Every structure is written in structure tokens, then in C-alpha cells.
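With mmCIF, C-alpha atoms and all ligand atoms inside, this is run34.cif:
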```
data_query
loop_
_atom_site.label_atom_id
_atom_site.label_comp_id
_atom_site.auth_asym_id
_atom_site.auth_seq_id
_atom_site.Cartn_x
_atom_site.Cartn_y
_atom_site.Cartn_z
CA MET A 77 -3.41 6.01 -24.56
CA ILE A 78 -0.53 6.94 -26.83
CA ARG A 79 2.32 7.92 -24.53
CA LYS A 80 3.69 4.93 -22.66
CA THR A 81 3.67 6.65 -19.28
CA TYR A 82 0.78 6.35 -16.84
CA GLU A 83 -0.15 6.02 -13.20
CA LEU A 84 -1.95 2.74 -12.52
CA ILE A 85 -4.42 2.96 -9.64
CA ASN A 86 -6.22 -0.02 -8.13
CA LEU A 87 -9.67 1.09 -6.96
CA LYS A 88 -10.57 -2.20 -5.30
CA LYS A 89 -7.46 -1.98 -3.12
CA ILE A 90 -8.44 1.54 -2.05
CA GLU A 91 -11.90 0.25 -1.13
CA ASN A 92 -10.40 -2.68 0.80
CA ASN A 93 -7.97 -0.41 2.65
CA VAL A 94 -10.79 1.90 3.71
CA LYS A 95 -12.81 -1.12 4.89
CA THR A 96 -9.84 -2.37 6.94
CA ILE A 97 -9.28 1.07 8.48
CA ILE A 98 -12.94 1.48 9.41
CA ASN A 99 -13.17 -2.06 10.79
CA SER A 100 -10.22 -1.33 13.04
CA SER A 101 -11.70 1.96 14.26
CA LYS A 102 -15.40 1.19 14.70
CA GLU A 103 -15.46 3.28 17.87
CA TYR A 104 -15.57 6.33 15.59
CA LYS A 105 -18.97 7.20 14.15
CA TYR A 106 -17.68 9.56 11.47
CA HIS A 107 -14.93 8.47 9.13
CA ILE A 108 -14.18 11.59 7.14
CA ALA A 109 -12.15 10.90 4.01
CA VAL A 110 -9.80 13.76 3.20
CA VAL A 111 -9.89 13.76 -0.60
CA LYS A 112 -8.19 17.10 -1.19
CA ALA A 113 -5.82 17.69 -4.12
CA ASN A 114 -7.81 15.19 -6.22
CA CYS A 115 -7.26 12.38 -3.71
CA TYR A 116 -3.58 13.16 -3.24
CA ALA A 117 -3.29 13.37 -7.05
CA LEU A 118 -4.66 9.87 -7.67
CA GLY A 119 -7.82 11.39 -9.15
CA ILE A 120 -11.35 11.93 -7.84
CA LYS A 121 -12.37 8.67 -9.44
CA CYS A 122 -11.08 7.13 -6.19
CA ILE A 123 -13.93 8.75 -4.25
CA LYS A 124 -16.44 6.14 -5.34
CA SER A 125 -14.22 3.40 -3.89
CA ILE A 126 -13.59 5.38 -0.71
CA LEU A 127 -17.36 5.70 -0.19
CA LEU A 128 -17.92 2.01 -1.00
CA GLY A 129 -15.29 1.30 1.65
CA GLY A 130 -17.49 3.06 4.19
CA ALA A 131 -16.34 6.66 4.55
CA ASN A 132 -19.39 8.75 5.52
CA TYR A 133 -18.10 12.31 5.09
CA LEU A 134 -15.59 13.96 2.73
CA ALA A 135 -13.16 16.84 3.29
CA VAL A 136 -11.34 19.00 0.77
CA SER A 137 -9.22 22.13 0.84
CA SER A 138 -11.20 24.52 -1.35
CA LEU A 139 -14.70 25.31 -2.55
CA GLU A 140 -13.56 24.54 -6.10
CA GLU A 141 -12.65 21.01 -5.05
CA ALA A 142 -15.91 20.61 -3.13
CA LEU A 143 -18.05 21.72 -6.09
CA LYS A 144 -16.26 19.33 -8.42
CA ILE A 145 -16.92 16.45 -6.04
CA ARG A 146 -20.51 17.53 -5.41
CA LYS A 147 -21.22 16.56 -9.03
CA ILE A 148 -20.47 12.91 -8.26
CA THR A 149 -21.90 12.38 -4.76
CA ASN A 150 -24.46 13.69 -2.28
CA VAL A 151 -22.30 12.81 0.73
CA ARG A 152 -21.55 15.72 3.04
CA ILE A 153 -18.37 17.67 2.16
CA LEU A 154 -16.34 19.86 4.52
CA VAL A 155 -13.98 22.54 3.21
CA LEU A 156 -10.98 22.65 5.54
CA GLU A 157 -10.01 26.25 4.73
CA PRO A 158 -12.10 29.40 5.08
CA ILE A 159 -13.61 30.19 1.67
CA ASP A 160 -13.93 33.59 0.02
CA ILE A 161 -16.95 35.26 1.66
CA LYS A 162 -18.37 36.09 -1.77
CA TYR A 163 -19.21 32.41 -2.22
CA ILE A 164 -20.97 31.51 1.03
CA ASP A 165 -24.39 31.26 -0.68
CA LEU A 166 -22.94 29.11 -3.44
CA ALA A 167 -21.56 26.75 -0.80
CA THR A 168 -24.92 26.58 1.00
CA LYS A 169 -26.77 25.99 -2.25
CA ASN A 170 -24.53 22.99 -2.87
CA ASN A 171 -24.71 21.67 0.68
CA ILE A 172 -21.03 22.30 1.36
CA THR A 173 -19.93 22.58 4.99
CA LEU A 174 -17.70 25.54 5.87
CA THR A 175 -14.86 25.92 8.34
CA ILE A 176 -14.99 28.79 10.82
CA SER A 177 -11.41 29.41 11.85
CA SER A 178 -11.58 32.81 13.53
CA LYS A 179 -14.01 35.27 15.07
CA GLU A 180 -12.96 37.89 12.53
CA TYR A 181 -14.00 35.62 9.66
CA LEU A 182 -17.29 34.67 11.31
CA ASN A 183 -18.18 38.32 11.87
CA LYS A 184 -18.03 38.96 8.13
CA ILE A 185 -20.52 36.20 7.32
CA LYS A 186 -22.65 35.79 10.47
CA ASP A 187 -25.84 37.07 8.78
CA LYS A 188 -25.74 34.33 6.16
CA LYS A 189 -27.21 30.88 6.33
CA PHE A 190 -24.78 27.94 6.21
CA THR A 191 -23.54 24.80 7.94
CA CYS A 192 -20.13 24.88 9.57
CA HIS A 193 -17.47 23.23 11.67
CA ILE A 194 -15.37 25.29 14.06
CA LYS A 195 -11.62 24.78 13.75
CA ILE A 196 -9.54 25.04 16.91
CA ASN A 197 -5.81 25.81 16.86
CA THR A 198 -4.10 23.56 19.38
CA GLY A 199 -0.48 24.04 18.31
CA MET A 200 -0.16 23.70 14.55
CA ASN A 201 -0.56 27.50 14.37
CA ARG A 202 -2.00 27.39 10.88
CA LEU A 203 -5.78 27.85 11.08
CA GLY A 204 -8.15 27.95 13.98
CA ILE A 205 -9.47 29.64 17.08
CA ASN A 206 -6.71 30.18 19.61
CA ASN A 207 -8.33 30.34 23.02
CA LYS A 208 -11.41 29.80 25.17
CA LYS A 209 -12.47 33.44 25.08
CA GLU A 210 -12.50 33.59 21.28
CA LEU A 211 -14.32 30.25 21.05
CA ASN A 212 -16.99 31.36 23.54
CA GLU A 213 -17.58 34.53 21.54
CA VAL A 214 -17.79 32.54 18.30
CA TYR A 215 -20.18 30.07 19.91
CA ASN A 216 -22.45 32.88 21.13
CA ILE A 217 -22.53 34.60 17.75
CA ILE A 218 -23.47 31.30 16.09
CA ASN A 219 -26.20 30.60 18.65
CA LYS A 220 -27.84 33.93 17.87
CA SER A 221 -27.73 33.35 14.11
CA ASN A 222 -29.15 31.12 11.38
CA ILE A 223 -25.90 29.21 11.22
CA ASN A 224 -25.98 25.45 11.68
CA LEU A 225 -23.03 24.38 13.84
CA GLU A 226 -22.49 20.75 12.91
CA GLY A 227 -18.91 20.04 13.98
CA ILE A 228 -15.75 21.10 15.74
CA TYR A 229 -12.20 19.94 15.10
CA THR A 230 -8.49 20.44 15.42
CA HIS A 231 -5.41 19.11 13.62
CA ILE A 232 -2.52 17.12 15.10
CA TYR A 233 0.86 18.30 13.81
CA LYS A 234 3.31 15.65 15.04
CA SER A 235 1.55 12.43 15.93
CA SER A 236 4.89 10.60 16.17
CA ASP A 237 5.40 12.56 19.41
CA LYS A 238 3.11 11.23 22.16
CA ILE A 239 3.80 14.09 24.56
CA LEU A 240 3.14 16.85 22.04
CA THR A 241 0.02 15.09 20.78
CA GLU A 242 -1.47 14.55 24.24
CA LYS A 243 -0.74 18.23 24.89
CA GLN A 244 -2.81 19.09 21.81
CA PHE A 245 -5.75 16.99 23.02
CA LYS A 246 -5.48 18.72 26.44
CA LYS A 247 -5.45 22.11 24.75
CA PHE A 248 -8.58 21.18 22.80
CA GLU A 249 -10.26 20.18 26.08
CA THR A 250 -9.23 23.47 27.71
CA ILE A 251 -10.38 25.67 24.85
CA THR A 252 -13.75 23.89 24.60
CA LYS A 253 -14.31 23.70 28.39
CA ASP A 254 -17.30 26.07 28.46
CA ILE A 255 -18.99 24.43 25.47
CA ASP A 256 -21.28 21.41 25.76
CA LEU A 257 -19.59 19.23 23.15
CA SER A 258 -22.38 16.65 23.37
CA LYS A 259 -24.61 19.23 21.65
CA ILE A 260 -22.35 19.22 18.59
CA GLU A 261 -22.87 16.36 16.12
CA ILE A 262 -19.27 15.74 14.99
CA ILE A 263 -16.09 16.20 17.01
CA HIS A 264 -13.16 15.11 14.84
CA ILE A 265 -9.46 15.21 15.62
CA PRO A 266 -7.26 12.31 14.44
CA ASN A 267 -5.60 12.30 11.04
CA SER A 268 -4.26 9.04 9.57
CA GLU A 269 -1.34 8.44 11.90
CA THR A 270 -3.14 9.63 15.03
CA LEU A 271 -6.05 7.32 14.22
CA THR A 272 -4.01 4.13 14.40
CA ASN A 273 -1.61 5.16 17.17
CA TYR A 274 -3.87 6.75 19.80
CA LYS A 275 -6.90 5.55 21.76
CA LYS A 276 -10.13 7.38 20.97
CA LYS A 277 -10.97 10.12 23.47
CA ASP A 278 -14.49 9.94 24.96
CA TYR A 279 -15.55 13.30 23.55
CA VAL A 280 -14.25 12.59 20.02
CA ASN A 281 -16.51 10.72 17.55
CA GLY A 282 -14.84 11.43 14.20
CA CYS A 283 -11.51 11.02 12.44
CA ARG A 284 -10.03 12.24 9.17
CA MET A 285 -8.46 9.58 6.99
CA GLY A 286 -5.95 10.80 4.43
CA ILE A 287 -2.85 9.05 3.22
CA ILE A 288 -3.70 5.88 5.16
CA MET A 289 -6.40 5.08 2.58
CA TYR A 290 -3.62 4.54 0.06
CA GLY A 291 -1.92 1.96 2.22
CA PHE A 292 0.55 4.01 4.26
CA SER A 293 0.38 2.67 7.79
CA ASP A 294 2.88 1.20 10.23
CA THR A 295 0.20 -0.54 12.26
CA LEU A 296 -2.53 -1.80 9.93
CA HIS A 297 -2.00 -4.37 7.21
CA LEU A 298 -2.89 -2.37 4.10
CA GLU A 299 -2.01 -2.60 0.43
CA SER A 300 -0.19 -0.26 -1.94
CA VAL A 301 -2.73 1.10 -4.41
CA PHE A 302 -0.74 2.56 -7.27
CA SER A 303 2.38 2.45 -9.42
CA LEU A 304 3.90 4.85 -11.94
CA ASN A 305 4.69 2.98 -15.13
CA SER A 306 6.58 3.73 -18.29
CA ARG A 307 8.65 1.84 -20.88
CA ILE A 308 12.07 1.85 -22.47
CA ILE A 309 11.61 3.67 -25.79
CA GLU A 310 15.22 3.58 -26.97
CA ILE A 311 18.56 2.07 -25.94
CA LYS A 312 21.91 3.83 -26.42
CA ASN A 313 25.31 2.14 -26.43
CA ILE A 314 27.73 4.65 -24.99
CA LYS A 315 31.49 4.31 -24.97
CA LYS A 316 33.74 4.85 -22.00
CA GLY A 317 34.22 8.60 -21.47
CA GLU A 318 30.99 9.63 -23.23
CA THR A 319 28.29 11.49 -21.35
CA VAL A 320 24.47 11.51 -21.39
CA GLY A 321 21.97 14.34 -21.28
CA TYR A 322 22.12 18.08 -20.68
CA ASP A 323 25.43 19.31 -19.31
CA GLY A 324 26.91 15.83 -19.69
CA ASN A 325 26.30 15.25 -16.05
CA PHE A 326 26.87 11.46 -16.22
CA LYS A 327 30.16 10.25 -17.68
CA ALA A 328 30.61 6.54 -18.47
CA LYS A 329 33.55 4.91 -16.67
CA LYS A 330 33.24 1.98 -19.10
CA ASP A 331 31.07 1.08 -22.11
CA GLU A 332 27.48 1.27 -20.89
CA LEU A 333 23.88 0.72 -21.99
CA ILE A 334 21.47 3.56 -21.35
CA GLY A 335 17.67 3.13 -21.50
CA ILE A 336 15.60 6.16 -22.44
CA VAL A 337 12.29 6.46 -20.58
CA PRO A 338 9.55 8.96 -21.56
CA ILE A 339 8.93 10.65 -18.22
CA GLY A 340 10.56 13.79 -16.89
CA TYR A 341 10.27 16.77 -14.62
CA ALA A 342 7.15 18.03 -16.39
CA ASP A 343 5.55 14.81 -15.14
CA GLY A 344 6.71 15.57 -11.61
CA ILE A 345 9.90 13.51 -11.67
CA ILE A 346 12.11 16.35 -10.52
CA ARG A 347 15.83 16.45 -11.32
CA LYS A 348 16.73 15.41 -7.80
CA ASN A 349 15.54 11.90 -8.78
CA THR A 350 18.94 11.30 -10.42
CA GLY A 351 20.74 8.58 -8.51
CA ARG A 352 17.68 6.73 -7.24
CA TYR A 353 16.35 3.43 -8.53
CA VAL A 354 13.54 2.36 -10.82
CA TYR A 355 12.44 -1.24 -11.33
CA ILE A 356 12.68 -3.11 -14.64
CA ASN A 357 11.76 -6.82 -14.71
CA ASN A 358 11.79 -6.74 -10.91
CA LYS A 359 15.41 -5.54 -10.73
CA LYS A 360 16.69 -2.17 -9.58
CA TYR A 361 18.33 0.19 -12.09
CA LYS A 362 19.69 3.67 -11.46
CA ILE A 363 18.51 6.96 -12.97
CA VAL A 364 21.61 8.74 -14.33
CA GLY A 365 22.35 12.12 -15.92
CA ASN A 366 20.08 15.12 -15.62
CA VAL A 367 16.38 14.32 -15.82
CA CYS A 368 14.95 16.15 -18.86
CA MET A 369 11.52 17.78 -19.11
CA ASP A 370 10.00 14.75 -20.85
CA MET A 371 12.54 11.92 -20.61
CA LEU A 372 15.14 10.43 -18.35
CA PHE A 373 18.11 8.06 -18.58
CA VAL A 374 18.47 4.72 -16.81
CA LEU A 375 21.71 2.75 -16.57
CA ILE A 376 20.66 -0.71 -17.80
CA ASP A 377 22.25 -4.01 -18.82
CA ASP A 378 21.91 -6.36 -21.80
CA THR A 379 18.93 -8.20 -20.26
CA ILE A 380 16.78 -5.14 -20.98
CA ASN A 381 14.95 -4.64 -24.28
CA ILE A 382 13.10 -1.81 -25.95
CA ASN A 383 9.51 -1.67 -24.71
CA ASP A 384 10.31 -3.36 -21.36
CA GLU A 385 8.19 -1.89 -18.59
CA VAL A 386 9.86 0.55 -16.20
CA LEU A 387 8.32 1.09 -12.76
CA ILE A 388 9.25 4.65 -11.90
CA ILE A 389 7.27 4.04 -8.70
CA LYS A 390 6.69 0.38 -7.80
CA ASP A 391 4.82 0.46 -4.49
CA ASN A 392 4.61 2.20 -1.12
CA ASN A 393 7.99 0.90 0.06
CA HIS A 394 9.53 2.36 -3.06
CA ILE A 395 7.76 5.69 -2.43
CA ASN A 396 9.21 5.83 1.06
CA GLU A 397 12.70 5.18 -0.37
CA ILE A 398 12.19 7.86 -3.03
CA ALA A 399 10.99 10.33 -0.38
CA LYS A 400 14.18 9.69 1.58
CA HIS A 401 16.31 10.22 -1.54
CA LEU A 402 14.50 13.48 -2.31
CA ASP A 403 14.69 14.59 1.31
CA THR A 404 10.91 14.89 1.54
CA ILE A 405 7.81 12.92 2.60
CA ASN A 406 5.67 10.31 0.82
CA TYR A 407 2.78 12.83 0.54
CA GLU A 408 4.89 15.11 -1.63
CA VAL A 409 6.09 12.26 -3.86
CA MET A 410 2.43 11.35 -4.53
CA CYS A 411 1.22 14.91 -5.09
CA ASN A 412 4.13 15.78 -7.37
CA ILE A 413 2.97 13.42 -10.12
CA SER A 414 1.68 16.04 -12.53
CA SER A 415 -1.61 16.15 -14.39
CA ARG A 416 0.17 15.36 -17.66
CA VAL A 417 0.55 11.77 -16.50
CA GLU A 418 -2.48 9.77 -17.53
CA ARG A 419 -4.31 8.00 -14.68
CA LYS A 420 -5.46 4.48 -15.46
CA TYR A 421 -7.78 2.66 -13.09
CA ILE A 422 -8.19 -1.01 -12.33
CA GLU A 423 -11.60 -1.81 -10.89
CA ARG A 424 -10.82 -5.18 -9.34
C1 LIG B 1 -4.60 16.80 4.86
C2 LIG B 1 -5.33 16.83 6.16
C3 LIG B 1 -5.70 15.64 6.80
C4 LIG B 1 -5.27 14.28 6.31
O1 LIG B 1 -3.95 14.06 6.71
P1 LIG B 1 -3.30 12.60 6.63
O2 LIG B 1 -2.02 12.75 7.35
O3 LIG B 1 -3.13 12.29 5.19
O4 LIG B 1 -4.24 11.68 7.31
C5 LIG B 1 -6.48 15.73 7.93
N1 LIG B 1 -6.85 16.92 8.44
C6 LIG B 1 -6.49 18.09 7.87
C7 LIG B 1 -6.92 19.37 8.50
C8 LIG B 1 -5.70 18.09 6.72
O5 LIG B 1 -5.31 19.25 6.18
#
```

Spit out the file's structure as C-alpha cells when you get a sec.
Amino acid sequence: MIRKTYELINLKKIENNVKTIINSSKEYKYHIAVVKANCYALGIKCIKSILLGGANYLAVSSLEEALKIRKITNVRILVLEPIDIKYIDLATKNNITLTISSKEYLNKIKDKKFTCHIKINTGMNRLGINNKKELNEVYNIINKSNINLEGIYTHIYKSSDKILTEKQFKKFETITKDIDLSKIEIIHIPNSETLTNYKKKDYVNGCRMGIIMYGFSDTLHLESVFSLNSRIIEIKNIKKGETVGYDGNFKAKKDELIGIVPIGYADGIIRKNTGRYVYINNKKYKIVGNVCMDMLFVLIDDTININDEVLIIKDNNHINEIAKHLDTINYEVMCNISSRVERKYIER
């Protein structure tokens, strides 16, 4: 490693988190780990730890992601989006499970051989079968084919709202009323937040764990699993009235010390990060001026030296604060860390 900027990921903590989650939800038989977007940008190296933690199924967003992961494990993998119909055989050959999200899509591929889960739309209005009639038709087509129907699922869109969420469960029950769910191996509904905040329904036997594996939970005691680290590479003394960076966006009201840190918007630290805090020697310091493509400016004091470590992201609490500052959600803060940032892993 040459550049002093990297994401530090603790694999043992991921494994322990997954163990804690599964221990607290033993009533579910299938704990599907959603490892899309390279494990929320932490890297697919985390998958080994997630499986050691006890996850017994994986889910991703595309066939590309599934094929990449197939090289490292034989565990079943579900693709959450319909894939290009040209690649159905490739999916089957690699034991990848497909999502059937509409009758129209199924009709194009019904003569092929594959394993699938049916996706039901219960209010998210993104993917999925919309009503009982369409589901019954889909079910009949599958029954007359060589298709292996292994699962059925839906997605909760606002688990913080009990009324809306219960309505979604009800809608799932209504749409699947004519189907004998006990004949289907895996019925999975809860995502991370739904898993810890709602009682398991009798007909559900699977859940999909996403961001919770990385320690984001209000209910379970879990650990943060990563930080984003860099160092001070240069210190500038600026005089009252001088500015820093492009457009001179920050103007010193008095003589100031500015630390230069080699991370910028090409690493995913977008310009809106100006004004929020980083941690140096366990103290908070503010990002000032316009964030550059490869570097940013931190307002420091004379306790800070060149080569001191800068935590651009310290832990999950910090991520939640950053998300608030950026007017977004913790998921986006994680996924924004670009591929230029080296990922370093701690195994214990
Ligand atoms: C991303 C995703 C999940 C995981 O969501 P979390 O909130 O991270 O638990 C589960 N199901 C589907 C369909 C998803 O797209």
C-alpha cells in the first residue's frame, strides 16, 4: 500500500454480528445474506465471514455479481432482479436462482430449465407480481413447466411504520391466498430492520439480512465493522484573510493551521462533506474549503503533526452523523466509498 488512504474492515466483527443476528432470530430457517454491491462496498471478501457467521443463502442484484461470488462459494445465490433472458442457461449452469417478477417476463423464459423465487409487489411498486390473478397464472405456468419454484418473497419499504408494514404482510397473504405456501421451500420477507422489529409470521421461514450485518441496528447489540482511514500529508500555516482550495471557499478569520488529507471526491467523499467532522487523535476536526478530487482540507490545531492518522469515517455512529450532514442514509455513505480506496481486512 502506497497511498495513505484505505478502508479498514474487521472480518471477525462481521462474523460475530451475523452470529448475534442469527442467534436472536432462530425461528427463521433461512438467513439470506444480501451481499449486493460487493457487500455494500466493503468487498466480497466479507462473504466468507458472513457464511462462517451462519448465513445459509446469498442474494445479489445482478447475474454479474452472482457469477463473481459463485467462484468463491457453492452456497445458493438468488438474483433479486430479473436477468437478461439471453443468460438464463448461464445462470442455471452456475446454480444461480432467478427472480420471477412478472407474468410477462416468465412467458419469455417458461420453456427453459431454472430455479426461481417469485417476487410479489406489496406496496414498494418496484418489482413484483401485483395481484392474485397474475400470481395464480404464474403459478400455473410454472407447474406445467420444468421450472423449479423454490421460493417466494416480497420487500418491505418502510419498516419504521408499523401500520404500513402490517398492511404489506396482509397484502402478501391476500395475493398468495390460492397458493399452498407450505409447498414452497422458502418464504422470505423481512429485511434488516423488519427482522429485529417484527414478530415472525407463521407462513414466513426466511429473512434477508443486509446492512444489519455491518452493525446497524437499534435493537441488537452489534459492532461497527469498518473505518475509513487516511493521514495528514502536509500542514499549511495560513494567515488571517487567506483562503484554501478551489474558489477560495474557506477564508481564515484568524491565523489557522490546515491539514491536507489525501482523500477526495474521486474516493467518494463528495463536496457536500465540507463542514462535517473527521477524527484525529480521538478529537473532532472540521473539513473546510471545497473538497478536491484527491485531497481535502481539515482545520487543525498545533497538537496535530504530519502523518497523524485521520479517521474520515470512525464508526457507525459517525456514519449516521455524516448521513445526516449529507441529507442521505447510512447505506449511501457506505456505498459511495469508491473502488479507488484500498480495502484492508483484519481477520481477528
Ligand atoms: C437490499 C435489499 C435487502 C437488504 O436490505 P437491508 O435494509 O440492508 O436489510 C433486502 N431485500 C431486497 C429485495 C433488497 O433489495

Contacts of ligand LIG 1 (chain B), 7 Å or closer, all atoms listed in the file, given as JSON, numbers by chain: {"A": [110, 156, 231, 267, 268, 269, 284, 285, 286, 287, 288]}

Interatomic distance, atom CA of A:Leu387 to atom CA of A:Tyr82 (Å, one decimal): 10.1 Å

Which residue of A:Val367, A:Leu143, A:Ile308, A:Ile228 approaches A:Ile251 most closely, using all atoms listed in the file: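 Of the candidates, the smallest distance to A:Ile251 is held by A:Ile228.
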
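Between A:Asn325 and the residues A:Ser137, A:Ile388, A:Thr350, A:Lys253, the shortest atom-to-atom distance, using only C-alpha atoms, involves A:Thr350.
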
Near-stretch 185-193 of chain A list (9 Å; all atoms listed in the file; drop same-chain fewer than 3 positions) as a ChimeraX atom specification: /A:154,156,161,164-165,167-169,171-177,181-182,217-218,221-229,262-263
